[in-house]
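Text of the file query.txt, holding compact mmCIF, N, CA and C atoms:
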```txt
# COMPACT_ATOMS: atom_id res chain seq x y z
N MET J 646 76.51 -20.37 -6.42
CA MET J 646 77.61 -20.42 -7.38
C MET J 646 78.90 -20.85 -6.70
N LYS J 647 79.12 -20.38 -5.49
CA LYS J 647 80.33 -20.73 -4.76
C LYS J 647 80.37 -22.23 -4.45
N LYS J 648 79.20 -22.81 -4.12
CA LYS J 648 79.12 -24.24 -3.81
C LYS J 648 79.48 -25.08 -5.04
N VAL J 649 79.00 -24.68 -6.19
CA VAL J 649 79.28 -25.40 -7.43
C VAL J 649 80.77 -25.35 -7.74
N GLN J 650 81.38 -24.19 -7.60
CA GLN J 650 82.82 -24.06 -7.85
C GLN J 650 83.62 -24.88 -6.85
N LYS J 651 83.18 -24.90 -5.61
CA LYS J 651 83.88 -25.68 -4.59
C LYS J 651 83.79 -27.17 -4.90
N ARG J 652 82.60 -27.62 -5.30
CA ARG J 652 82.43 -29.03 -5.67
C ARG J 652 83.30 -29.40 -6.87
N LEU J 653 83.31 -28.54 -7.86
CA LEU J 653 84.12 -28.80 -9.04
C LEU J 653 85.61 -28.81 -8.71
N SER J 654 86.02 -27.91 -7.82
CA SER J 654 87.44 -27.85 -7.46
C SER J 654 87.89 -29.10 -6.70
N VAL J 655 86.96 -29.80 -6.09
CA VAL J 655 87.28 -31.04 -5.39
C VAL J 655 87.08 -32.25 -6.31
N SER J 656 86.00 -32.30 -7.06
CA SER J 656 85.68 -33.49 -7.84
C SER J 656 86.52 -33.63 -9.12
N VAL J 657 86.90 -32.55 -9.76
CA VAL J 657 87.71 -32.65 -10.98
C VAL J 657 89.09 -33.23 -10.68
N PRO J 658 89.83 -32.73 -9.69
CA PRO J 658 91.11 -33.36 -9.38
C PRO J 658 90.96 -34.81 -8.91
N LEU J 659 89.90 -35.10 -8.17
CA LEU J 659 89.66 -36.47 -7.74
C LEU J 659 89.41 -37.39 -8.92
N LEU J 660 88.65 -36.93 -9.89
CA LEU J 660 88.41 -37.69 -11.11
C LEU J 660 89.69 -37.91 -11.89
N LEU J 661 90.51 -36.88 -11.99
CA LEU J 661 91.79 -37.01 -12.69
C LEU J 661 92.71 -38.01 -11.99
N VAL J 662 92.74 -38.00 -10.67
CA VAL J 662 93.55 -38.96 -9.92
C VAL J 662 93.07 -40.38 -10.18
N CYS J 663 91.77 -40.59 -10.19
CA CYS J 663 91.22 -41.92 -10.46
C CYS J 663 91.57 -42.40 -11.86
N VAL J 664 91.52 -41.52 -12.83
CA VAL J 664 91.86 -41.89 -14.21
C VAL J 664 93.36 -42.17 -14.33
N LEU J 665 94.19 -41.35 -13.71
CA LEU J 665 95.63 -41.53 -13.81
C LEU J 665 96.12 -42.79 -13.11
N PHE J 666 95.53 -43.14 -11.98
CA PHE J 666 95.93 -44.32 -11.23
C PHE J 666 95.04 -45.50 -11.60
N SER J 667 94.97 -45.78 -12.86
CA SER J 667 94.05 -46.82 -13.31
C SER J 667 94.77 -48.13 -13.58
N GLY J 668 94.01 -49.17 -13.57
CA GLY J 668 94.50 -50.50 -13.86
C GLY J 668 93.34 -51.36 -14.29
N CYS J 669 93.67 -52.55 -14.74
CA CYS J 669 92.62 -53.41 -15.25
C CYS J 669 93.06 -54.87 -15.15
N LYS J 670 92.15 -55.74 -14.81
CA LYS J 670 92.41 -57.18 -14.83
C LYS J 670 91.30 -57.82 -15.64
N SER J 671 91.70 -58.59 -16.65
CA SER J 671 90.69 -59.22 -17.49
C SER J 671 91.01 -60.70 -17.69
N ARG J 672 89.96 -61.47 -17.80
CA ARG J 672 90.08 -62.91 -18.02
C ARG J 672 90.20 -63.14 -19.52
N LEU J 673 91.32 -63.73 -19.95
CA LEU J 673 91.54 -63.94 -21.37
C LEU J 673 90.90 -65.22 -21.89
N GLY J 674 90.75 -66.21 -21.01
CA GLY J 674 90.11 -67.44 -21.48
C GLY J 674 90.23 -68.57 -20.49
N ASP J 675 89.46 -69.61 -20.76
CA ASP J 675 89.47 -70.85 -19.98
C ASP J 675 89.98 -71.98 -20.87
N PHE J 676 90.78 -72.86 -20.28
CA PHE J 676 91.38 -73.94 -21.04
C PHE J 676 91.12 -75.27 -20.34
N THR J 677 90.69 -76.26 -21.10
CA THR J 677 90.52 -77.60 -20.53
C THR J 677 91.87 -78.17 -20.16
N VAL J 678 92.84 -78.02 -21.06
CA VAL J 678 94.22 -78.47 -20.81
C VAL J 678 95.14 -77.40 -21.37
N ILE J 679 96.16 -77.03 -20.58
CA ILE J 679 97.16 -76.08 -21.05
C ILE J 679 98.53 -76.56 -20.57
N THR J 680 99.51 -76.49 -21.47
CA THR J 680 100.87 -76.89 -21.12
C THR J 680 101.85 -76.24 -22.09
N THR J 681 103.10 -76.20 -21.69
CA THR J 681 104.17 -75.75 -22.58
C THR J 681 105.14 -76.90 -22.84
N LYS J 682 104.83 -78.08 -22.34
CA LYS J 682 105.69 -79.25 -22.47
C LYS J 682 105.19 -80.14 -23.60
N ASN J 683 106.09 -80.93 -24.17
CA ASN J 683 105.70 -81.95 -25.13
C ASN J 683 105.25 -83.18 -24.35
N ILE J 684 103.99 -83.57 -24.55
CA ILE J 684 103.46 -84.70 -23.79
C ILE J 684 102.73 -85.66 -24.71
N ASP J 685 102.57 -86.89 -24.24
CA ASP J 685 101.83 -87.91 -24.96
C ASP J 685 100.54 -88.16 -24.20
N LEU J 686 99.40 -87.89 -24.81
CA LEU J 686 98.13 -87.98 -24.12
C LEU J 686 97.46 -89.36 -24.24
N LYS J 687 98.14 -90.33 -24.80
CA LYS J 687 97.52 -91.65 -24.99
C LYS J 687 97.06 -92.29 -23.69
N ASP J 688 97.88 -92.20 -22.66
CA ASP J 688 97.56 -92.86 -21.40
C ASP J 688 97.01 -91.92 -20.35
N PHE J 689 96.58 -90.75 -20.75
CA PHE J 689 96.11 -89.77 -19.76
C PHE J 689 94.70 -90.11 -19.32
N ASN J 690 94.49 -90.13 -18.00
CA ASN J 690 93.18 -90.36 -17.41
C ASN J 690 92.97 -89.28 -16.35
N THR J 691 92.04 -88.38 -16.57
CA THR J 691 91.86 -87.24 -15.68
C THR J 691 91.56 -87.64 -14.25
N HIS J 692 90.78 -88.65 -14.06
CA HIS J 692 90.37 -89.01 -12.70
C HIS J 692 91.52 -89.54 -11.86
N GLU J 693 92.49 -90.16 -12.48
CA GLU J 693 93.61 -90.72 -11.74
C GLU J 693 94.79 -89.77 -11.62
N ASP J 694 94.97 -88.91 -12.60
CA ASP J 694 96.19 -88.12 -12.69
C ASP J 694 96.09 -86.71 -12.12
N VAL J 695 94.90 -86.22 -11.86
CA VAL J 695 94.74 -84.84 -11.45
C VAL J 695 94.86 -84.72 -9.93
N LYS J 696 95.66 -83.76 -9.48
CA LYS J 696 95.75 -83.44 -8.06
C LYS J 696 94.59 -82.53 -7.69
N ALA J 697 94.29 -82.41 -6.42
CA ALA J 697 93.17 -81.58 -5.98
C ALA J 697 93.54 -80.11 -5.81
N ALA J 698 94.77 -79.82 -5.40
CA ALA J 698 95.16 -78.43 -5.10
C ALA J 698 95.42 -77.64 -6.37
N SER J 699 94.91 -76.44 -6.41
CA SER J 699 95.10 -75.55 -7.55
C SER J 699 96.41 -74.77 -7.38
N VAL J 700 97.04 -74.41 -8.50
CA VAL J 700 98.27 -73.63 -8.47
C VAL J 700 98.11 -72.36 -9.30
N VAL J 701 98.96 -71.38 -9.00
CA VAL J 701 98.95 -70.10 -9.72
C VAL J 701 100.36 -69.80 -10.19
N GLY J 702 100.49 -69.44 -11.45
CA GLY J 702 101.77 -69.00 -11.99
C GLY J 702 101.60 -67.63 -12.61
N GLU J 703 102.64 -66.81 -12.52
CA GLU J 703 102.53 -65.47 -13.10
C GLU J 703 103.87 -64.99 -13.65
N ASP J 704 103.78 -64.12 -14.63
CA ASP J 704 104.96 -63.44 -15.16
C ASP J 704 104.67 -61.95 -15.11
N VAL J 705 105.45 -61.22 -14.31
CA VAL J 705 105.24 -59.80 -14.10
C VAL J 705 106.44 -59.02 -14.61
N LYS J 706 106.19 -57.96 -15.32
CA LYS J 706 107.23 -57.02 -15.73
C LYS J 706 106.83 -55.63 -15.28
N HIS J 707 107.78 -54.92 -14.71
CA HIS J 707 107.52 -53.61 -14.13
C HIS J 707 107.89 -52.49 -15.09
N ILE J 708 107.26 -51.34 -14.89
CA ILE J 708 107.57 -50.13 -15.64
C ILE J 708 108.02 -49.10 -14.61
N ILE J 709 109.27 -48.74 -14.67
CA ILE J 709 109.83 -47.78 -13.73
C ILE J 709 110.03 -46.47 -14.48
N PHE J 710 109.37 -45.44 -14.03
CA PHE J 710 109.25 -44.16 -14.73
C PHE J 710 108.58 -44.44 -16.07
N VAL J 711 109.32 -44.46 -17.17
CA VAL J 711 108.74 -44.82 -18.47
C VAL J 711 109.49 -45.98 -19.09
N PHE J 712 110.37 -46.63 -18.32
CA PHE J 712 111.21 -47.69 -18.85
C PHE J 712 110.69 -49.07 -18.42
N PRO J 713 110.19 -49.87 -19.37
CA PRO J 713 109.73 -51.21 -19.02
C PRO J 713 110.91 -52.15 -18.78
N THR J 714 110.76 -53.07 -17.85
CA THR J 714 111.82 -54.05 -17.58
C THR J 714 111.70 -55.27 -18.47
N GLY J 715 110.73 -55.29 -19.35
CA GLY J 715 110.54 -56.40 -20.28
C GLY J 715 109.07 -56.53 -20.67
N VAL J 716 108.78 -57.61 -21.36
CA VAL J 716 107.42 -57.90 -21.79
C VAL J 716 107.00 -59.22 -21.15
N PRO J 717 105.85 -59.27 -20.46
CA PRO J 717 105.43 -60.53 -19.84
C PRO J 717 104.99 -61.54 -20.92
N HIS J 718 105.20 -62.82 -20.62
CA HIS J 718 104.84 -63.88 -21.56
C HIS J 718 103.95 -64.92 -20.88
N ILE J 719 102.98 -65.41 -21.61
CA ILE J 719 102.08 -66.45 -21.10
C ILE J 719 102.87 -67.71 -20.80
N LYS J 720 103.84 -68.05 -21.64
CA LYS J 720 104.64 -69.26 -21.45
C LYS J 720 105.33 -69.26 -20.09
N GLU J 721 105.86 -68.13 -19.68
CA GLU J 721 106.55 -68.05 -18.38
C GLU J 721 105.57 -68.28 -17.23
N ALA J 722 104.36 -67.75 -17.35
CA ALA J 722 103.35 -67.95 -16.30
C ALA J 722 102.94 -69.41 -16.22
N VAL J 723 102.75 -70.05 -17.36
CA VAL J 723 102.38 -71.47 -17.38
C VAL J 723 103.52 -72.32 -16.84
N ASP J 724 104.75 -72.04 -17.25
CA ASP J 724 105.91 -72.79 -16.76
C ASP J 724 106.04 -72.68 -15.23
N GLN J 725 105.81 -71.49 -14.70
CA GLN J 725 105.90 -71.31 -13.25
C GLN J 725 104.83 -72.12 -12.52
N ALA J 726 103.61 -72.15 -13.06
CA ALA J 726 102.54 -72.94 -12.45
C ALA J 726 102.85 -74.43 -12.54
N LEU J 727 103.40 -74.87 -13.65
CA LEU J 727 103.78 -76.29 -13.80
C LEU J 727 104.87 -76.67 -12.81
N ASP J 728 105.84 -75.79 -12.62
CA ASP J 728 106.91 -76.05 -11.66
C ASP J 728 106.37 -76.11 -10.23
N LYS J 729 105.46 -75.20 -9.89
CA LYS J 729 104.88 -75.19 -8.55
C LYS J 729 104.12 -76.48 -8.27
N GLY J 730 103.40 -76.98 -9.26
CA GLY J 730 102.61 -78.18 -9.07
C GLY J 730 103.35 -79.45 -9.38
N ASN J 731 104.63 -79.33 -9.79
CA ASN J 731 105.43 -80.48 -10.20
C ASN J 731 104.64 -81.32 -11.19
N ALA J 732 104.12 -80.66 -12.22
CA ALA J 732 103.20 -81.30 -13.16
C ALA J 732 103.69 -81.13 -14.59
N TYR J 733 103.04 -81.83 -15.50
CA TYR J 733 103.38 -81.68 -16.91
C TYR J 733 102.29 -80.96 -17.68
N MET J 734 101.12 -80.72 -17.03
CA MET J 734 100.07 -79.92 -17.65
C MET J 734 99.10 -79.45 -16.58
N LEU J 735 98.32 -78.40 -16.93
CA LEU J 735 97.28 -77.89 -16.05
C LEU J 735 95.92 -78.22 -16.66
N VAL J 736 95.00 -78.64 -15.81
CA VAL J 736 93.65 -78.97 -16.24
C VAL J 736 92.71 -77.91 -15.69
N ASP J 737 91.68 -77.57 -16.45
CA ASP J 737 90.69 -76.55 -16.04
C ASP J 737 91.38 -75.25 -15.64
N ALA J 738 92.18 -74.72 -16.54
CA ALA J 738 92.97 -73.52 -16.26
C ALA J 738 92.25 -72.26 -16.74
N ALA J 739 92.56 -71.16 -16.09
CA ALA J 739 92.06 -69.84 -16.49
C ALA J 739 93.26 -68.91 -16.64
N LEU J 740 93.23 -68.09 -17.69
CA LEU J 740 94.32 -67.17 -17.99
C LEU J 740 93.83 -65.74 -17.81
N TYR J 741 94.63 -64.93 -17.10
CA TYR J 741 94.29 -63.54 -16.83
C TYR J 741 95.42 -62.62 -17.29
N HIS J 742 95.04 -61.38 -17.66
CA HIS J 742 96.01 -60.34 -17.95
C HIS J 742 95.67 -59.15 -17.07
N GLU J 743 96.69 -58.59 -16.42
CA GLU J 743 96.47 -57.46 -15.52
C GLU J 743 97.52 -56.40 -15.77
N TRP J 744 97.13 -55.14 -15.65
CA TRP J 744 98.09 -54.05 -15.76
C TRP J 744 97.68 -52.91 -14.84
N PHE J 745 98.68 -52.13 -14.48
CA PHE J 745 98.48 -50.97 -13.62
C PHE J 745 99.57 -49.96 -13.99
N TYR J 746 99.21 -48.68 -14.02
CA TYR J 746 100.21 -47.69 -14.40
C TYR J 746 99.90 -46.33 -13.78
N ILE J 747 100.88 -45.76 -13.11
CA ILE J 747 100.85 -44.38 -12.66
C ILE J 747 101.84 -43.65 -13.57
N PRO J 748 101.36 -42.78 -14.45
CA PRO J 748 102.24 -42.18 -15.46
C PRO J 748 103.49 -41.55 -14.86
N TYR J 749 104.61 -41.85 -15.49
CA TYR J 749 105.93 -41.32 -15.14
C TYR J 749 106.39 -41.68 -13.73
N PHE J 750 105.82 -42.75 -13.16
CA PHE J 750 106.24 -43.17 -11.83
C PHE J 750 106.45 -44.68 -11.77
N TYR J 751 105.37 -45.45 -11.84
CA TYR J 751 105.47 -46.91 -11.71
C TYR J 751 104.28 -47.59 -12.38
N GLY J 752 104.50 -48.79 -12.83
CA GLY J 752 103.43 -49.60 -13.39
C GLY J 752 103.90 -51.03 -13.55
N TYR J 753 102.99 -51.89 -13.94
CA TYR J 753 103.36 -53.28 -14.24
C TYR J 753 102.35 -53.89 -15.20
N ALA J 754 102.78 -54.94 -15.86
CA ALA J 754 101.93 -55.76 -16.71
C ALA J 754 102.16 -57.21 -16.28
N LYS J 755 101.08 -57.99 -16.23
CA LYS J 755 101.21 -59.34 -15.69
C LYS J 755 100.28 -60.30 -16.40
N TYR J 756 100.79 -61.52 -16.67
CA TYR J 756 99.96 -62.65 -17.07
C TYR J 756 99.89 -63.59 -15.89
N GLU J 757 98.71 -64.13 -15.63
CA GLU J 757 98.52 -65.05 -14.51
C GLU J 757 97.71 -66.24 -14.99
N VAL J 758 98.13 -67.44 -14.62
CA VAL J 758 97.38 -68.64 -14.98
C VAL J 758 97.08 -69.42 -13.69
N LYS J 759 95.83 -69.86 -13.57
CA LYS J 759 95.39 -70.65 -12.42
C LYS J 759 94.83 -71.96 -12.95
N GLY J 760 95.24 -73.07 -12.36
CA GLY J 760 94.72 -74.35 -12.81
C GLY J 760 95.08 -75.47 -11.88
N THR J 761 94.56 -76.65 -12.18
CA THR J 761 94.81 -77.84 -11.39
C THR J 761 95.94 -78.63 -12.05
N PRO J 762 97.05 -78.86 -11.34
CA PRO J 762 98.17 -79.57 -11.95
C PRO J 762 97.86 -81.07 -12.12
N ALA J 763 98.35 -81.61 -13.22
CA ALA J 763 98.19 -83.05 -13.49
C ALA J 763 99.53 -83.61 -13.90
N LYS J 764 99.85 -84.78 -13.39
CA LYS J 764 101.09 -85.42 -13.81
C LYS J 764 100.84 -86.88 -14.11
N ARG J 765 101.72 -87.42 -14.87
CA ARG J 765 101.61 -88.81 -15.32
C ARG J 765 101.79 -89.74 -14.14
N GLY J 766 100.89 -90.67 -13.95
CA GLY J 766 101.03 -91.66 -12.89
C GLY J 766 101.94 -92.79 -13.35
N ASP J 767 103.14 -92.85 -12.79
CA ASP J 767 104.10 -93.88 -13.22
C ASP J 767 104.03 -95.11 -12.35
```
For this file, produce the structure as structure tokens.
Amino acid sequence: MKKVQKRLSVSVPLLLVCVLFSGCKSRLGDFTVITTKNIDLKDFNTHEDVKAASVVGEDVKHIIFVFPTGVPHIKEAVDQALDKGNAYMLVDAALYHEWFYIPYFYGYAKYEVKGTPAKRGD
């Protein structure tokens, strides 16, 4: 009986800590082309215009105690990735949402986009 109580006294608080310090990252979707810019696709050719290096953009908002510093937006994450790649759109992009929260202490929510930047060949 003492062993069972000892195990419970260790495992229950450990389980509570794991639940309280939880977070999650999920893939929201895959996009053939994603952009926040107005573009004309008439002259677009993937083989000529796509760069090889992939870029990542993210928009993170923090939660300090119980006060959020804002709401993350997908547009901001896409804009950041476009700026990093000096591109007008991302090809073969993936969108993720992630959050983490320690109640009454700290947390964050984040949108992240990963893709291959493409720009118009002038």
Would you compute the distance between atom N of Gly702 of chain J and atom C of Tyr749 of chain J? Give it in Å to one decimal.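 Computing the Euclidean distance for atom N of Gly702 of chain J and atom C of Tyr749 of chain J yields 28.5 Å.
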Might you pull out every residue within 10 Å of Pro713 of chain J, with only C-alpha atoms counted and same-chain residues fewer than 4 positions away left off, and present them as JSON, numbers by chain? {"J": [706, 707, 708, 709, 751, 752, 753, 754]}
Using only the atoms of segment 708-716 of chain J listed in the file, plus 3 Å on each side, state the axis-aligned box centre and edge lengths in Å rounded to one decimal, as lines of an AutoDock Vina configuration file.
```
center_x = 109.4
center_y = -51.7
center_z = -17.8
size_x = 10.8
size_y = 21.1
size_z = 14.1
```
Report, in Å with one decimal, the straight-line distance from atom CA of Phe712 of chain J to atom CA of Glu757 of chain J. 21.9 Å
Gap from atom N of Ala722 of chain J to atom CA of Thr681 of chain J - Å, one decimal: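 These atoms are spaced 9.6 Å apart.
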Measuring atom to atom with only N, CA and C atoms, identify which of J:Lys764, J:Lys670, J:Lys755, J:His718 is nearest to Leu735 of chain J. J:Lys764
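Using all atoms listed in the file, the protein and nucleic acid residues lying no more than 8 Å from Val701 of chain J, apart from those fewer than 2 places from it along its own chain, are Ala698, Ser699, Glu703, Asp704, Ala722, Val723, Gln725, Ala726, Leu727, Lys729, Gly730, Glu757, Val758, Lys759, Gly760 and Thr761 of chain J.
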Which of these, J:Tyr756, J:Met734, J:Phe750, J:His742, has the shortest distance to Glu721 of chain J once you count all atoms listed in the file?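 Ranked by minimum distance to Glu721 of chain J, first place goes to J:Tyr756.
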Counting all atoms listed in the file, which residue out of J:Val736, J:Ile719, J:Ala763, J:Ile747 sits closest to Thr677 of chain J? J:Val736
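Across J:Pro762, J:Pro748, J:Pro717, J:Ala739, the tightest approach to Arg672 of chain J is made by J:Ala739 when counting only C-alpha atoms.
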